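Enquirer: Here you go, this is structure.csv (CSV, C-alpha atoms).
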chain,number,residue,atom,x,y,z
D,20,MET,CA,103.6,176.5,99.7
D,21,PRO,CA,102.8,175.5,96.1
D,22,ALA,CA,99.9,173.0,95.7
D,23,ARG,CA,100.9,169.4,94.7
D,24,HIS,CA,99.4,168.1,91.5
D,25,PRO,CA,97.0,165.2,92.2
D,26,VAL,CA,98.2,163.2,89.2
D,27,LEU,CA,101.8,163.4,90.4
D,28,LEU,CA,100.7,162.3,93.9
D,29,SER,CA,98.8,159.3,92.5
D,30,THR,CA,101.7,158.2,90.4
D,31,ALA,CA,104.2,158.5,93.3
D,32,LEU,CA,101.8,156.5,95.5
D,33,THR,CA,101.5,153.8,92.9
D,34,LEU,CA,105.2,153.5,92.5
D,35,LEU,CA,105.7,153.3,96.3
D,36,LEU,CA,103.1,150.5,96.6
D,37,ALA,CA,104.7,148.6,93.8
D,38,ALA,CA,108.1,148.8,95.3
D,39,CYS,CA,106.8,147.6,98.7
D,40,GLY,CA,105.0,144.7,97.0
D,41,GLN,CA,108.2,143.7,95.2
D,42,GLN,CA,110.2,143.7,98.5
D,43,GLN,CA,107.6,141.5,100.1
D,44,ALA,CA,107.5,139.1,97.2
D,45,GLU,CA,111.3,138.7,97.4
D,46,GLN,CA,111.1,137.5,101.0
D,47,PRO,CA,110.6,133.7,101.1
D,48,ALA,CA,107.5,132.6,102.9
D,49,GLU,CA,107.7,130.1,105.7
D,50,VAL,CA,106.7,126.6,104.5
D,51,ASP,CA,103.7,125.3,106.5
D,52,PRO,CA,103.2,121.6,105.9
D,53,TYR,CA,99.7,121.8,107.3
D,54,ALA,CA,98.5,124.6,105.0
D,55,ASN,CA,95.0,124.5,103.6
D,56,GLY,CA,93.9,121.9,106.2
D,57,ALA,CA,95.9,119.1,104.6
D,58,ASN,CA,96.3,115.9,106.6
D,59,TYR,CA,97.7,112.4,106.0
D,60,PRO,CA,96.0,110.1,108.6
D,61,TRP,CA,97.3,106.5,108.8
D,62,SER,CA,96.0,103.4,110.5
D,63,TYR,CA,96.9,99.7,110.9
D,64,ILE,CA,95.2,96.6,112.3
D,65,ALA,CA,97.1,93.3,112.5
D,66,PRO,CA,95.6,90.6,110.3
D,67,GLU,CA,93.1,88.5,112.2
D,68,GLY,CA,94.6,85.3,113.5
D,69,ARG,CA,98.2,86.5,112.9
D,70,LEU,CA,98.9,87.9,116.4
D,71,THR,CA,97.6,86.6,119.7
D,72,THR,CA,100.2,87.6,122.3
D,73,LEU,CA,103.5,89.2,122.5
D,74,SER,CA,106.7,87.3,123.0
D,75,LEU,CA,107.3,88.7,126.4
D,76,THR,CA,109.7,86.9,128.6
D,77,PRO,CA,111.0,87.3,132.2
D,78,GLY,CA,113.2,90.4,132.6
D,79,GLU,CA,113.4,93.5,130.4
D,80,ASN,CA,111.5,93.5,127.1
D,81,ASN,CA,112.0,96.2,124.5
D,82,LEU,CA,108.5,97.1,123.3
D,83,TYR,CA,109.7,98.3,120.0
D,84,PHE,CA,110.6,94.7,119.0
D,85,GLU,CA,107.0,93.5,119.7
D,86,PRO,CA,104.2,93.4,117.2
D,87,ILE,CA,101.6,96.2,117.2
D,88,LEU,CA,98.0,94.9,117.4
D,89,ALA,CA,96.5,98.2,116.1
D,90,ALA,CA,97.7,101.8,115.5
D,91,SER,CA,96.6,105.1,114.1
D,92,ASN,CA,98.6,108.3,113.4
D,93,GLY,CA,97.6,111.9,112.5
D,94,TRP,CA,100.3,112.5,109.9
D,95,GLY,CA,101.8,109.6,107.9
D,96,PRO,CA,102.7,106.2,109.3
D,97,VAL,CA,104.0,105.5,112.8
D,98,GLU,CA,107.8,105.2,112.6
D,99,ILE,CA,109.9,102.7,114.5
D,100,ASP,CA,113.3,103.8,115.8
D,101,ARG,CA,113.0,107.2,114.1
D,102,SER,CA,110.9,110.4,114.4
D,103,ASN,CA,107.6,110.8,112.6
D,104,GLY,CA,109.0,112.9,109.7
D,105,GLU,CA,106.3,113.7,107.1
D,106,GLN,CA,103.7,111.6,105.3
D,107,ALA,CA,106.1,109.0,103.8
D,108,ALA,CA,107.3,105.8,105.6
D,109,GLY,CA,110.9,106.0,106.7
D,110,ASP,CA,111.3,109.7,106.3
D,111,GLY,CA,112.0,110.5,109.9
D,112,ARG,CA,115.3,111.2,111.7
D,113,THR,CA,117.0,110.0,114.9
D,114,LEU,CA,114.7,110.2,117.8
D,115,SER,CA,115.6,113.3,119.9
D,116,ILE,CA,114.0,115.1,122.8
D,117,ASN,CA,115.5,118.4,124.1
D,118,GLY,CA,119.0,117.4,122.7
D,119,LYS,CA,119.0,113.8,124.0
D,120,THR,CA,119.0,111.2,121.2
D,121,TYR,CA,117.5,107.7,121.4
D,122,THR,CA,118.2,104.6,119.2
D,123,ARG,CA,114.9,102.9,120.0
D,124,GLY,CA,111.3,103.9,120.1
D,125,TYR,CA,108.3,105.2,118.2
D,126,GLY,CA,107.9,108.5,116.3
D,127,VAL,CA,104.3,109.5,116.1
D,128,HIS,CA,102.1,112.5,115.3
D,129,ALA,CA,99.0,113.7,117.2
D,130,GLY,CA,96.4,112.3,117.3
D,131,SER,CA,97.9,108.8,117.5
D,132,GLU,CA,97.4,105.5,119.3
D,133,LEU,CA,99.4,102.3,119.6
D,134,ARG,CA,97.8,99.2,121.1
D,135,PHE,CA,99.6,96.1,122.5
D,136,SER,CA,98.6,92.9,124.3
D,137,LEU,CA,100.3,92.3,127.7
D,138,LYS,CA,99.7,88.6,127.7
D,139,GLY,CA,103.2,87.3,127.7
D,140,THR,CA,104.3,83.7,127.2
D,141,GLY,CA,105.6,82.3,130.4
D,142,ALA,CA,105.8,85.7,132.1
D,143,ASN,CA,103.7,88.2,134.0
D,144,CYS,CA,104.2,91.9,133.1
D,145,THR,CA,104.8,94.2,136.1
D,146,ARG,CA,106.1,97.5,134.8
D,147,PHE,CA,106.1,99.8,131.8
D,148,THR,CA,108.6,102.7,131.3
D,149,ALA,CA,109.4,105.2,128.5
D,150,ASP,CA,110.8,108.7,127.9
D,151,VAL,CA,108.2,110.9,126.2
D,152,GLY,CA,108.5,114.3,124.6
D,153,VAL,CA,108.1,116.4,121.4
D,154,ASP,CA,110.8,115.6,118.9
D,155,ASP,CA,113.6,118.1,118.3
D,156,GLU,CA,112.9,118.1,114.5
D,157,VAL,CA,110.1,120.7,115.1
D,158,GLY,CA,112.1,123.0,117.3
D,159,LYS,CA,110.0,124.9,119.8
D,160,LYS,CA,106.8,124.2,117.9
D,161,GLY,CA,104.3,121.6,118.7
D,162,LYS,CA,102.1,121.0,121.7
D,163,VAL,CA,100.9,117.5,122.8
D,164,ILE,CA,99.7,115.3,125.7
D,165,PHE,CA,100.9,111.8,126.2
D,166,GLN,CA,98.5,109.3,127.8
D,167,VAL,CA,98.7,105.6,128.8
D,168,PHE,CA,95.6,103.4,129.1
D,169,LEU,CA,95.7,100.0,130.9
D,170,ASP,CA,92.7,97.8,130.1
D,171,GLY,CA,90.8,100.9,128.8
D,172,VAL,CA,91.5,103.0,132.0
D,173,LYS,CA,93.8,106.0,131.8
D,174,ALA,CA,96.8,105.4,134.1
D,175,TYR,CA,99.0,108.2,133.0
D,176,ASP,CA,98.7,111.8,131.6
D,177,SER,CA,101.8,113.9,130.9
D,178,GLY,CA,100.0,117.2,130.8
D,179,THR,CA,100.8,119.6,128.0
D,180,MET,CA,104.3,119.2,126.6
D,181,LYS,CA,105.9,121.6,124.1
D,182,GLY,CA,108.9,121.6,121.7
D,183,LYS,CA,112.2,121.8,123.6
D,184,ASP,CA,110.7,120.6,126.9
D,185,PRO,CA,112.8,118.0,128.7
D,186,ALA,CA,111.7,114.4,128.3
D,187,ARG,CA,109.3,113.0,131.0
D,188,LEU,CA,109.7,109.5,132.4
D,189,VAL,CA,106.6,107.3,132.3
D,190,ASP,CA,106.9,104.5,135.0
D,191,LEU,CA,103.7,102.5,135.6
D,192,ASP,CA,102.8,99.4,137.5
D,193,ILE,CA,101.0,97.1,135.0
D,194,THR,CA,100.7,94.0,137.1
D,195,GLY,CA,97.7,92.0,136.1
D,196,LYS,CA,96.8,94.2,133.1
D,197,GLN,CA,96.0,92.7,129.7
D,198,GLU,CA,96.2,95.6,127.3
D,199,LEU,CA,98.5,98.6,126.9
D,200,ARG,CA,97.4,101.6,124.8
D,201,LEU,CA,99.7,104.6,124.1
D,202,VAL,CA,97.9,107.7,123.0
D,203,VAL,CA,99.1,111.2,122.0
D,204,THR,CA,96.6,114.1,121.7
D,205,ASP,CA,97.0,117.5,120.2
D,206,ALA,CA,96.5,119.4,123.5
D,207,GLY,CA,93.5,121.2,122.0
D,208,ASN,CA,95.4,123.6,119.7
D,209,GLY,CA,95.4,121.6,116.4
D,210,ILE,CA,97.9,119.1,115.1
D,211,ASN,CA,100.5,121.5,113.7
D,212,TYR,CA,104.1,120.2,114.3
D,213,ASP,CA,102.9,117.7,116.9
D,214,HIS,CA,105.8,115.2,116.4
D,215,ALA,CA,105.9,113.1,119.5
D,216,ASP,CA,108.3,110.4,120.7
D,217,TRP,CA,107.8,107.3,122.8
D,218,ALA,CA,111.5,106.7,123.4
D,219,GLN,CA,113.0,103.6,124.9
D,220,PRO,CA,109.7,102.0,125.7
D,221,LYS,CA,110.2,98.9,127.9
D,222,ILE,CA,108.1,96.2,129.5
D,223,PHE,CA,109.4,94.4,132.6
D,224,CYS,CA,108.1,90.9,133.4
D,225,VAL,CA,108.6,88.2,135.9
D,226,ALA,CA,108.4,84.4,135.4
D,227,THR,CA,105.0,82.9,135.9
D,228,THR,CA,105.0,80.8,139.0
D,229,PRO,CA,103.5,77.4,138.2
D,230,PRO,CA,100.9,76.1,140.6
D,231,ARG,CA,102.1,73.8,143.2
D,232,PRO,CA,100.9,70.2,142.8
D,233,ARG,CA,98.3,69.2,145.2
D,234,THR,CA,99.2,66.4,147.6
D,235,CYS,CA,96.8,63.8,148.9
D,236,ARG,CA,96.7,63.2,152.6
As a first step, turn the structure in this file into structure tokens.
Expert:
Amino acid sequence: MPARHPVLLSTALTLLLAACGQQQAEQPAEVDPYANGANYPWSYIAPEGRLTTLSLTPGENNLYFEPILAASNGWGPVEIDRSNGEQAAGDGRTLSINGKTYTRGYGVHAGSELRFSLKGTGANCTRFTADVGVDDEVGKKGKVIFQVFLDGVKAYDSGTMKGKDPARLVDLDITGKQELRLVVTDAGNGINYDHADWAQPKIFCVATTPPRPRTCR
């Protein structure tokens, strides 16, 4: 078998590598919005003296109509009645968890927190409900944990939820509680694609029973 010339082998190898490099360059790379460690944290605190209590009344109250006392979000602002989207306000989509859409709720991004007062006017709060899950806009990506704190004590933990998981119902007794805090964590694997929804959040209240007048005997 005749010996192969080293120059010819080197030239062929160079051409082959160049061709492979060209093929790889032609393939579009997946866009990663979290590349290079970028983040867009956001926070809000209601102006002092502006908010004292919510306008909670007997019956069903839609929490998304109530003022937020304080909030923070891992990627852009918290969105009302839409998904988190990206870093700009109002850039989310219809809230959607595993194919089910919702017209009301909050779109957030881990790590996030929403804080509300439960001191209603003329009503006592008894129950909090919401559907929670990773929003469909991230597909099967994302991994988060939903938590609810009442007066600083954790009352609910969803466990790890991933993209395309069915929504889970939060249903808590909040009788006698003064503060509601809704938290989403990144489940310990970073914040990539952690778009989370608090869908249809509701507060149920009953009328405050006025004290009976004392009678003299």
Enquirer: Quick one, how far is CA of Asp170 in chain D from CA of Arg101 in chain D?
Expert: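 Separating CA of Asp170 in chain D from CA of Arg101 in chain D is a distance of 27.5 Å.
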Enquirer: Tell me, as number ranges by chain, which residues lie within 10 Å of range 128-131 of chain D, counting all atoms listed in the file; anything in the same chain fewer than 4 positions away does not count.
Expert: D: 60-62, 90-98, 102-105, 153-154, 161-165, 201-206, 209-216
Enquirer: List as a ChimeraX atom specification the protein and nucleic acid residues near Leu75 in chain D, meaning an atom at most 12 Å away when all atoms listed in the file are counted, but skip any in the same chain fewer than 4 places from it.
Expert: /D:71,79-86,135-145,221-227
Enquirer: Identify, on the basis of all atoms listed in the file, every residue whose closest approach to Val151 in chain D does not exceed 8 Å; exclude the query and any residue fewer than 3 positions from it along the same chain; express the result as an MDAnalysis selection string.
Expert: chainID D and resid 116 165 186:189 215:218
Enquirer: Separation of CA of Leu191 in chain D and CA of Ala174 in chain D, in Å?
Expert: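 Those two atoms sit 7.6 Å apart.
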Enquirer: Using all atoms listed in the file, list the residues that have an atom at most 7 Å from (104.8, 102.6, 131.8), coordinates as in the file, as an MDAnalysis selection string.
Expert: chainID D and resid 146:149 189:192
Enquirer: Need the shell around Arg200 in chain D: protein/DNA/RNA residues with any atom at most 6 Å away, counting only C-alpha atoms. Skip same-chain ones fewer than 4 positions apart. Format as a list in words?
Expert: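 Counting only C-alpha atoms, the residues come to Leu133, Arg134, Val167 and Phe168 of chain D.
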Enquirer: Suppose you want the space between CA of Ala65 in chain D and CA of Thr120 in chain D; what is it in Å?
Expert: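 A separation of 29.6 Å between them.
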Enquirer: So, counting all atoms listed in the file, which residue among D:Gly111, D:Pro220, D:Gly195, D:Gly178 is closest to Gly207 in chain D?
Expert: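 So, comparing all the options, the nearest one is D:Gly178.
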Enquirer: Which of these residues is nearest to Asp110 in chain D, using all atoms listed in the file: D:Ile87, D:Glu156, D:Asp150, D:Thr76?
Expert: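 Selected residue with least distance to Asp110 in chain D: D:Glu156.
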Enquirer: Hey, which of D:Leu169, D:Leu199, D:Ile193, D:Val157 ends up closest to Lys181 in chain D? Count all atoms listed in the file.
Expert: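 Using all atoms listed in the file, the shortest distance to Lys181 in chain D belongs to D:Val157.
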Enquirer: Mind listing as a PyMOL selection string all residues within 9 Å of (116.9, 103.9, 120.1), counting only C-alpha atoms?
Expert: chain D and resi 100-101+113-114+120-125+218-219
